[in-house]
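Trainee: Data file structure.pdb (PDB, N, CA and C atoms, pLDDT in the B column) is appended below.
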```
ATOM      1  N   MET G   1       0.833  -1.173   0.000  1.00 51.00           N
ATOM      2  CA  MET G   1       0.000   0.000   0.000  1.00 51.00           C
ATOM      3  C   MET G   1       0.880   1.240   0.000  1.00 51.00           C
ATOM      4  N   SER G   2       0.577   2.149  -0.871  1.00 53.00           N
ATOM      5  CA  SER G   2       1.381   3.357  -0.956  1.00 53.00           C
ATOM      6  C   SER G   2       0.701   4.498  -0.211  1.00 53.00           C
ATOM      7  N   SER G   3       1.500   5.436   0.263  1.00 55.00           N
ATOM      8  CA  SER G   3       0.945   6.581   0.991  1.00 55.00           C
ATOM      9  C   SER G   3       0.383   7.598   0.007  1.00 55.00           C
ATOM     10  N   PRO G   4      -0.494   8.491   0.465  1.00 57.00           N
ATOM     11  CA  PRO G   4      -1.064   9.503  -0.426  1.00 57.00           C
ATOM     12  C   PRO G   4       0.024  10.380  -1.054  1.00 57.00           C
ATOM     13  N   ARG G   5       1.102  10.569  -0.368  1.00 57.00           N
ATOM     14  CA  ARG G   5       2.189  11.384  -0.891  1.00 57.00           C
ATOM     15  C   ARG G   5       2.803  10.740  -2.126  1.00 57.00           C
ATOM     16  N   ASP G   6       2.924   9.425  -2.098  1.00 57.00           N
ATOM     17  CA  ASP G   6       3.505   8.702  -3.228  1.00 57.00           C
ATOM     18  C   ASP G   6       2.609   8.762  -4.453  1.00 57.00           C
ATOM     19  N   GLU G   7       1.309   8.925  -4.211  1.00 65.00           N
ATOM     20  CA  GLU G   7       0.372   8.949  -5.325  1.00 65.00           C
ATOM     21  C   GLU G   7       0.357  10.284  -6.066  1.00 65.00           C
ATOM     22  N   ARG G   8       0.848  11.360  -5.421  1.00 66.00           N
ATOM     23  CA  ARG G   8       0.879  12.656  -6.083  1.00 66.00           C
ATOM     24  C   ARG G   8       1.906  12.651  -7.200  1.00 66.00           C
ATOM     25  N   GLU G   9       1.644  13.494  -8.152  1.00 63.00           N
ATOM     26  CA  GLU G   9       2.618  13.627  -9.239  1.00 63.00           C
ATOM     27  C   GLU G   9       3.800  14.441  -8.735  1.00 63.00           C
ATOM     28  N   PRO G  10       4.963  14.162  -9.246  1.00 60.00           N
ATOM     29  CA  PRO G  10       6.128  14.936  -8.797  1.00 60.00           C
ATOM     30  C   PRO G  10       5.973  16.408  -9.170  1.00 60.00           C
ATOM     31  N   THR G  11       6.529  17.264  -8.324  1.00 59.00           N
ATOM     32  CA  THR G  11       6.476  18.706  -8.579  1.00 59.00           C
ATOM     33  C   THR G  11       7.393  19.026  -9.745  1.00 59.00           C
ATOM     34  N   PRO G  12       6.860  19.699 -10.765  1.00 65.00           N
ATOM     35  CA  PRO G  12       7.717  20.039 -11.903  1.00 65.00           C
ATOM     36  C   PRO G  12       8.729  21.110 -11.507  1.00 65.00           C
ATOM     37  N   ALA G  13       9.814  21.151 -12.212  1.00 73.00           N
ATOM     38  CA  ALA G  13      10.831  22.164 -11.956  1.00 73.00           C
ATOM     39  C   ALA G  13      10.229  23.535 -12.230  1.00 73.00           C
ATOM     40  N   LEU G  14      10.747  24.521 -11.520  1.00 74.00           N
ATOM     41  CA  LEU G  14      10.242  25.883 -11.705  1.00 74.00           C
ATOM     42  C   LEU G  14      10.578  26.380 -13.098  1.00 74.00           C
ATOM     43  N   SER G  15       9.650  27.088 -13.684  1.00 89.00           N
ATOM     44  CA  SER G  15       9.915  27.679 -14.992  1.00 89.00           C
ATOM     45  C   SER G  15      10.841  28.877 -14.806  1.00 89.00           C
ATOM     46  N   SER G  16      11.403  29.327 -15.892  1.00 91.00           N
ATOM     47  CA  SER G  16      12.316  30.465 -15.789  1.00 91.00           C
ATOM     48  C   SER G  16      11.574  31.698 -15.289  1.00 91.00           C
ATOM     49  N   THR G  17      10.298  31.851 -15.647  1.00 93.00           N
ATOM     50  CA  THR G  17       9.510  32.987 -15.170  1.00 93.00           C
ATOM     51  C   THR G  17       9.320  32.905 -13.661  1.00 93.00           C
ATOM     52  N   GLU G  18       9.032  31.715 -13.157  1.00 92.00           N
ATOM     53  CA  GLU G  18       8.864  31.539 -11.715  1.00 92.00           C
ATOM     54  C   GLU G  18      10.183  31.774 -10.984  1.00 92.00           C
ATOM     55  N   THR G  19      11.260  31.323 -11.574  1.00 93.00           N
ATOM     56  CA  THR G  19      12.576  31.543 -10.977  1.00 93.00           C
ATOM     57  C   THR G  19      12.879  33.036 -10.921  1.00 93.00           C
ATOM     58  N   GLU G  20      12.602  33.743 -12.010  1.00 94.00           N
ATOM     59  CA  GLU G  20      12.830  35.192 -12.034  1.00 94.00           C
ATOM     60  C   GLU G  20      11.955  35.889 -11.002  1.00 94.00           C
ATOM     61  N   LEU G  21      10.718  35.439 -10.882  1.00 95.00           N
ATOM     62  CA  LEU G  21       9.802  36.012  -9.906  1.00 95.00           C
ATOM     63  C   LEU G  21      10.327  35.806  -8.488  1.00 95.00           C
ATOM     64  N   ASN G  22      10.828  34.631  -8.201  1.00 95.00           N
ATOM     65  CA  ASN G  22      11.399  34.362  -6.873  1.00 95.00           C
ATOM     66  C   ASN G  22      12.612  35.240  -6.607  1.00 95.00           C
ATOM     67  N   GLU G  23      13.458  35.428  -7.609  1.00 96.00           N
ATOM     68  CA  GLU G  23      14.623  36.300  -7.453  1.00 96.00           C
ATOM     69  C   GLU G  23      14.188  37.738  -7.190  1.00 96.00           C
ATOM     70  N   LEU G  24      13.180  38.186  -7.921  1.00 97.00           N
ATOM     71  CA  LEU G  24      12.670  39.545  -7.715  1.00 97.00           C
ATOM     72  C   LEU G  24      12.087  39.710  -6.315  1.00 97.00           C
ATOM     73  N   ARG G  25      11.402  38.683  -5.841  1.00 97.00           N
ATOM     74  CA  ARG G  25      10.860  38.740  -4.483  1.00 97.00           C
ATOM     75  C   ARG G  25      11.976  38.879  -3.452  1.00 97.00           C
ATOM     76  N   LYS G  26      13.055  38.147  -3.663  1.00 98.00           N
ATOM     77  CA  LYS G  26      14.204  38.243  -2.751  1.00 98.00           C
ATOM     78  C   LYS G  26      14.796  39.642  -2.793  1.00 98.00           C
ATOM     79  N   LYS G  27      14.900  40.207  -3.984  1.00 98.00           N
ATOM     80  CA  LYS G  27      15.447  41.562  -4.113  1.00 98.00           C
ATOM     81  C   LYS G  27      14.537  42.582  -3.432  1.00 98.00           C
ATOM     82  N   VAL G  28      13.235  42.413  -3.584  1.00 98.00           N
ATOM     83  CA  VAL G  28      12.282  43.312  -2.939  1.00 98.00           C
ATOM     84  C   VAL G  28      12.434  43.235  -1.424  1.00 98.00           C
ATOM     85  N   GLN G  29      12.560  42.032  -0.897  1.00 98.00           N
ATOM     86  CA  GLN G  29      12.749  41.870   0.544  1.00 98.00           C
ATOM     87  C   GLN G  29      14.024  42.557   1.002  1.00 98.00           C
ATOM     88  N   SER G  30      15.081  42.421   0.213  1.00 98.00           N
ATOM     89  CA  SER G  30      16.345  43.057   0.554  1.00 98.00           C
ATOM     90  C   SER G  30      16.210  44.578   0.546  1.00 98.00           C
ATOM     91  N   VAL G  31      15.529  45.100  -0.454  1.00 98.00           N
ATOM     92  CA  VAL G  31      15.329  46.551  -0.542  1.00 98.00           C
ATOM     93  C   VAL G  31      14.475  47.040   0.621  1.00 98.00           C
ATOM     94  N   GLU G  32      13.455  46.277   0.985  1.00 98.00           N
ATOM     95  CA  GLU G  32      12.602  46.657   2.113  1.00 98.00           C
ATOM     96  C   GLU G  32      13.397  46.685   3.419  1.00 98.00           C
ATOM     97  N   LYS G  33      14.278  45.716   3.609  1.00 98.00           N
ATOM     98  CA  LYS G  33      15.117  45.702   4.812  1.00 98.00           C
ATOM     99  C   LYS G  33      16.031  46.915   4.826  1.00 98.00           C
ATOM    100  N   SER G  34      16.630  47.230   3.684  1.00 98.00           N
ATOM    101  CA  SER G  34      17.495  48.409   3.596  1.00 98.00           C
ATOM    102  C   SER G  34      16.705  49.679   3.886  1.00 98.00           C
ATOM    103  N   ARG G  35      15.503  49.771   3.313  1.00 98.00           N
ATOM    104  CA  ARG G  35      14.651  50.938   3.552  1.00 98.00           C
ATOM    105  C   ARG G  35      14.360  51.091   5.037  1.00 98.00           C
ATOM    106  N   ASP G  36      14.047  49.989   5.702  1.00 98.00           N
ATOM    107  CA  ASP G  36      13.743  50.041   7.130  1.00 98.00           C
ATOM    108  C   ASP G  36      14.957  50.484   7.933  1.00 98.00           C
ATOM    109  N   ARG G  37      16.140  49.964   7.561  1.00 98.00           N
ATOM    110  CA  ARG G  37      17.363  50.384   8.251  1.00 98.00           C
ATOM    111  C   ARG G  37      17.610  51.873   8.047  1.00 98.00           C
ATOM    112  N   PHE G  38      17.448  52.347   6.817  1.00 98.00           N
ATOM    113  CA  PHE G  38      17.678  53.765   6.533  1.00 98.00           C
ATOM    114  C   PHE G  38      16.654  54.638   7.247  1.00 98.00           C
ATOM    115  N   ALA G  39      15.410  54.194   7.313  1.00 98.00           N
ATOM    116  CA  ALA G  39      14.375  54.960   8.014  1.00 98.00           C
ATOM    117  C   ALA G  39      14.696  55.053   9.502  1.00 98.00           C
ATOM    118  N   SER G  40      15.165  53.961  10.073  1.00 98.00           N
ATOM    119  CA  SER G  40      15.542  53.948  11.480  1.00 98.00           C
ATOM    120  C   SER G  40      16.717  54.886  11.727  1.00 98.00           C
ATOM    121  N   ARG G  41      17.706  54.832  10.846  1.00 98.00           N
ATOM    122  CA  ARG G  41      18.871  55.718  10.986  1.00 98.00           C
ATOM    123  C   ARG G  41      18.454  57.178  10.823  1.00 98.00           C
ATOM    124  N   ALA G  42      17.580  57.458   9.872  1.00 98.00           N
ATOM    125  CA  ALA G  42      17.111  58.827   9.662  1.00 98.00           C
ATOM    126  C   ALA G  42      16.390  59.340  10.906  1.00 98.00           C
ATOM    127  N   ALA G  43      15.611  58.490  11.542  1.00 98.00           N
ATOM    128  CA  ALA G  43      14.893  58.887  12.758  1.00 98.00           C
ATOM    129  C   ALA G  43      15.883  59.202  13.883  1.00 98.00           C
ATOM    130  N   ARG G  44      16.921  58.357  14.021  1.00 98.00           N
ATOM    131  CA  ARG G  44      17.945  58.621  15.052  1.00 98.00           C
ATOM    132  C   ARG G  44      18.684  59.923  14.760  1.00 98.00           C
ATOM    133  N   LEU G  45      19.040  60.134  13.497  1.00 98.00           N
ATOM    134  CA  LEU G  45      19.736  61.368  13.133  1.00 98.00           C
ATOM    135  C   LEU G  45      18.855  62.591  13.347  1.00 98.00           C
ATOM    136  N   GLN G  46      17.563  62.477  13.063  1.00 98.00           N
ATOM    137  CA  GLN G  46      16.643  63.592  13.300  1.00 98.00           C
ATOM    138  C   GLN G  46      16.566  63.905  14.785  1.00 98.00           C
ATOM    139  N   ALA G  47      16.536  62.878  15.616  1.00 98.00           N
ATOM    140  CA  ALA G  47      16.505  63.090  17.069  1.00 98.00           C
ATOM    141  C   ALA G  47      17.789  63.776  17.530  1.00 98.00           C
ATOM    142  N   ASP G  48      18.937  63.352  16.994  1.00 98.00           N
ATOM    143  CA  ASP G  48      20.208  63.998  17.331  1.00 98.00           C
ATOM    144  C   ASP G  48      20.209  65.462  16.897  1.00 98.00           C
ATOM    145  N   LEU G  49      19.692  65.722  15.702  1.00 98.00           N
ATOM    146  CA  LEU G  49      19.636  67.088  15.198  1.00 98.00           C
ATOM    147  C   LEU G  49      18.724  67.946  16.071  1.00 98.00           C
ATOM    148  N   ASP G  50      17.578  67.416  16.465  1.00 98.00           N
ATOM    149  CA  ASP G  50      16.666  68.157  17.333  1.00 98.00           C
ATOM    150  C   ASP G  50      17.330  68.497  18.664  1.00 98.00           C
ATOM    151  N   ALA G  51      18.066  67.539  19.226  1.00 98.00           N
ATOM    152  CA  ALA G  51      18.767  67.774  20.491  1.00 98.00           C
ATOM    153  C   ALA G  51      19.851  68.844  20.314  1.00 98.00           C
ATOM    154  N   ALA G  52      20.585  68.780  19.221  1.00 98.00           N
ATOM    155  CA  ALA G  52      21.636  69.774  18.969  1.00 98.00           C
ATOM    156  C   ALA G  52      21.029  71.166  18.783  1.00 98.00           C
ATOM    157  N   ARG G  53      19.905  71.236  18.082  1.00 98.00           N
ATOM    158  CA  ARG G  53      19.237  72.539  17.903  1.00 98.00           C
ATOM    159  C   ARG G  53      18.782  73.101  19.250  1.00 98.00           C
ATOM    160  N   ALA G  54      18.275  72.242  20.113  1.00 98.00           N
ATOM    161  CA  ALA G  54      17.853  72.696  21.439  1.00 98.00           C
ATOM    162  C   ALA G  54      19.049  73.223  22.232  1.00 98.00           C
ATOM    163  N   GLN G  55      20.190  72.560  22.118  1.00 97.00           N
ATOM    164  CA  GLN G  55      21.388  73.017  22.820  1.00 97.00           C
ATOM    165  C   GLN G  55      21.862  74.357  22.271  1.00 97.00           C
ATOM    166  N   VAL G  56      21.842  74.515  20.964  1.00 97.00           N
ATOM    167  CA  VAL G  56      22.255  75.785  20.359  1.00 97.00           C
ATOM    168  C   VAL G  56      21.302  76.898  20.789  1.00 97.00           C
ATOM    169  N   ALA G  57      20.007  76.613  20.810  1.00 95.00           N
ATOM    170  CA  ALA G  57      19.030  77.621  21.244  1.00 95.00           C
ATOM    171  C   ALA G  57      19.285  78.024  22.694  1.00 95.00           C
ATOM    172  N   TRP G  58      19.579  77.037  23.549  1.00 93.00           N
ATOM    173  CA  TRP G  58      19.883  77.343  24.947  1.00 93.00           C
ATOM    174  C   TRP G  58      21.137  78.211  25.030  1.00 93.00           C
ATOM    175  N   PHE G  59      22.167  77.836  24.303  1.00 92.00           N
ATOM    176  CA  PHE G  59      23.414  78.599  24.314  1.00 92.00           C
ATOM    177  C   PHE G  59      23.170  80.025  23.803  1.00 92.00           C
ATOM    178  N   HIS G  60      22.378  80.142  22.778  1.00 91.00           N
ATOM    179  CA  HIS G  60      22.051  81.459  22.215  1.00 91.00           C
ATOM    180  C   HIS G  60      21.335  82.321  23.262  1.00 91.00           C
ATOM    181  N   ARG G  61      20.395  81.717  23.988  1.00 88.00           N
ATOM    182  CA  ARG G  61      19.697  82.467  25.046  1.00 88.00           C
ATOM    183  C   ARG G  61      20.664  82.903  26.138  1.00 88.00           C
ATOM    184  N   GLN G  62      21.632  82.031  26.463  1.00 87.00           N
ATOM    185  CA  GLN G  62      22.600  82.388  27.497  1.00 87.00           C
ATOM    186  C   GLN G  62      23.466  83.568  27.063  1.00 87.00           C
ATOM    187  N   LEU G  63      23.854  83.569  25.798  1.00 87.00           N
ATOM    188  CA  LEU G  63      24.730  84.639  25.310  1.00 87.00           C
ATOM    189  C   LEU G  63      23.982  85.925  24.986  1.00 87.00           C
ATOM    190  N   PHE G  64      22.800  85.790  24.429  1.00 85.00           N
ATOM    191  CA  PHE G  64      22.128  86.959  23.888  1.00 85.00           C
ATOM    192  C   PHE G  64      20.791  87.272  24.550  1.00 85.00           C
ATOM    193  N   GLY G  65      20.469  86.584  25.623  1.00 82.00           N
ATOM    194  CA  GLY G  65      19.212  86.847  26.333  1.00 82.00           C
ATOM    195  C   GLY G  65      19.252  88.189  27.046  1.00 82.00           C
ATOM    196  N   GLN G  66      18.129  88.592  27.625  1.00 74.00           N
ATOM    197  CA  GLN G  66      18.047  89.889  28.281  1.00 74.00           C
ATOM    198  C   GLN G  66      19.041  90.028  29.423  1.00 74.00           C
ATOM    199  N   LYS G  67      19.183  89.027  30.251  1.00 73.00           N
ATOM    200  CA  LYS G  67      20.132  89.102  31.360  1.00 73.00           C
ATOM    201  C   LYS G  67      21.554  89.187  30.844  1.00 73.00           C
ATOM    202  N   ALA G  68      21.874  88.449  29.798  1.00 64.00           N
ATOM    203  CA  ALA G  68      23.228  88.468  29.245  1.00 64.00           C
ATOM    204  C   ALA G  68      23.570  89.869  28.766  1.00 64.00           C
ATOM    205  N   GLU G  69      22.615  90.569  28.156  1.00 62.00           N
ATOM    206  CA  GLU G  69      22.875  91.929  27.684  1.00 62.00           C
ATOM    207  C   GLU G  69      23.138  92.863  28.848  1.00 62.00           C
ATOM    208  N   ARG G  70      22.335  92.736  29.924  1.00 63.00           N
ATOM    209  CA  ARG G  70      22.537  93.616  31.082  1.00 63.00           C
ATOM    210  C   ARG G  70      23.892  93.349  31.731  1.00 63.00           C
ATOM    211  N   ILE G  71      24.263  92.097  31.821  1.00 61.00           N
ATOM    212  CA  ILE G  71      25.565  91.774  32.416  1.00 61.00           C
ATOM    213  C   ILE G  71      26.676  92.350  31.552  1.00 61.00           C
ATOM    214  N   TRP G  72      26.572  92.219  30.236  1.00 58.00           N
ATOM    215  CA  TRP G  72      27.613  92.730  29.345  1.00 58.00           C
ATOM    216  C   TRP G  72      27.719  94.250  29.461  1.00 58.00           C
ATOM    217  N   LEU G  73      26.572  94.966  29.550  1.00 62.00           N
ATOM    218  CA  LEU G  73      26.597  96.419  29.679  1.00 62.00           C
ATOM    219  C   LEU G  73      27.213  96.847  30.982  1.00 62.00           C
ATOM    220  N   HIS G  74      26.951  96.078  32.054  1.00 65.00           N
ATOM    221  CA  HIS G  74      27.539  96.423  33.345  1.00 65.00           C
ATOM    222  C   HIS G  74      29.035  96.149  33.390  1.00 65.00           C
ATOM    223  N   THR G  75      29.491  95.180  32.672  1.00 70.00           N
ATOM    224  CA  THR G  75      30.921  94.861  32.678  1.00 70.00           C
ATOM    225  C   THR G  75      31.687  95.662  31.628  1.00 70.00           C
ATOM    226  N   HIS G  76      30.977  96.296  30.682  1.00 67.00           N
ATOM    227  CA  HIS G  76      31.613  97.101  29.629  1.00 67.00           C
ATOM    228  C   HIS G  76      30.952  98.485  29.573  1.00 67.00           C
ATOM    229  N   PRO G  77      31.228  99.331  30.589  1.00 66.00           N
ATOM    230  CA  PRO G  77      30.586 100.646  30.591  1.00 66.00           C
ATOM    231  C   PRO G  77      31.058 101.479  29.387  1.00 66.00           C
ATOM    232  N   GLN G  78      30.187 102.358  28.948  1.00 65.00           N
ATOM    233  CA  GLN G  78      30.516 103.185  27.776  1.00 65.00           C
ATOM    234  C   GLN G  78      31.231 104.448  28.180  1.00 65.00           C
TER     235      GLN G  78
END
```
Can you present the structure in this file as structure tokens?
Mentor:
Amino acid sequence: MSSPRDEREPTPALSSTETELNELRKKVQSVEKSRDRFASRAARLQADLDAARAQVAWFHRQLFGQKAERIWLHTHPQ
């Protein structure tokens, strides 16, 4: 007695179109992974840029804020 698996016809070899389709699918997956990595890196870089801008704004306020001007005028009389 043979098993149901033995009764099935053998799977034919993939056609060249199917092979090309499989290769394209692999390439798409690779591109999607790269896109995800780049998106993640872009998000990290944007966060770093936002933090740096906040630091520059703070430094600018320290140097050029109202109190900084009064201190500079008091230390540099005309």
Trainee: What is the atom N of G:Thr19 to atom N of G:Ser34 distance in Å?
Mentor: 22.7 Å
Trainee: If you measure from atom CA of G:Ser30 to atom C of G:Glu18, what distance in Å do you get, rounded to one decimal?
Mentor: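 We find that atom CA of G:Ser30 and atom C of G:Glu18 lie 17.3 Å from each other.
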Trainee: Between atom CA of G:Thr75 and atom CA of G:Val56, what is the spacing in Å?
Mentor: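 Result for atom CA of G:Val56 versus atom CA of G:Thr75: 24.3 Å, one decimal.
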Trainee: Edge lengths and centre in Å to one decimal, as AutoDock Vina command-line options, is what I'm after for the box along x, y and z that holds all listed atoms of stretch 15-30 of chain G once 5 Å is added on each side.
Mentor:
```
--center_x 12.6 --center_y 35.8 --center_z -7.4 --size_x 17.5 --size_y 27.5 --size_z 26.9
```
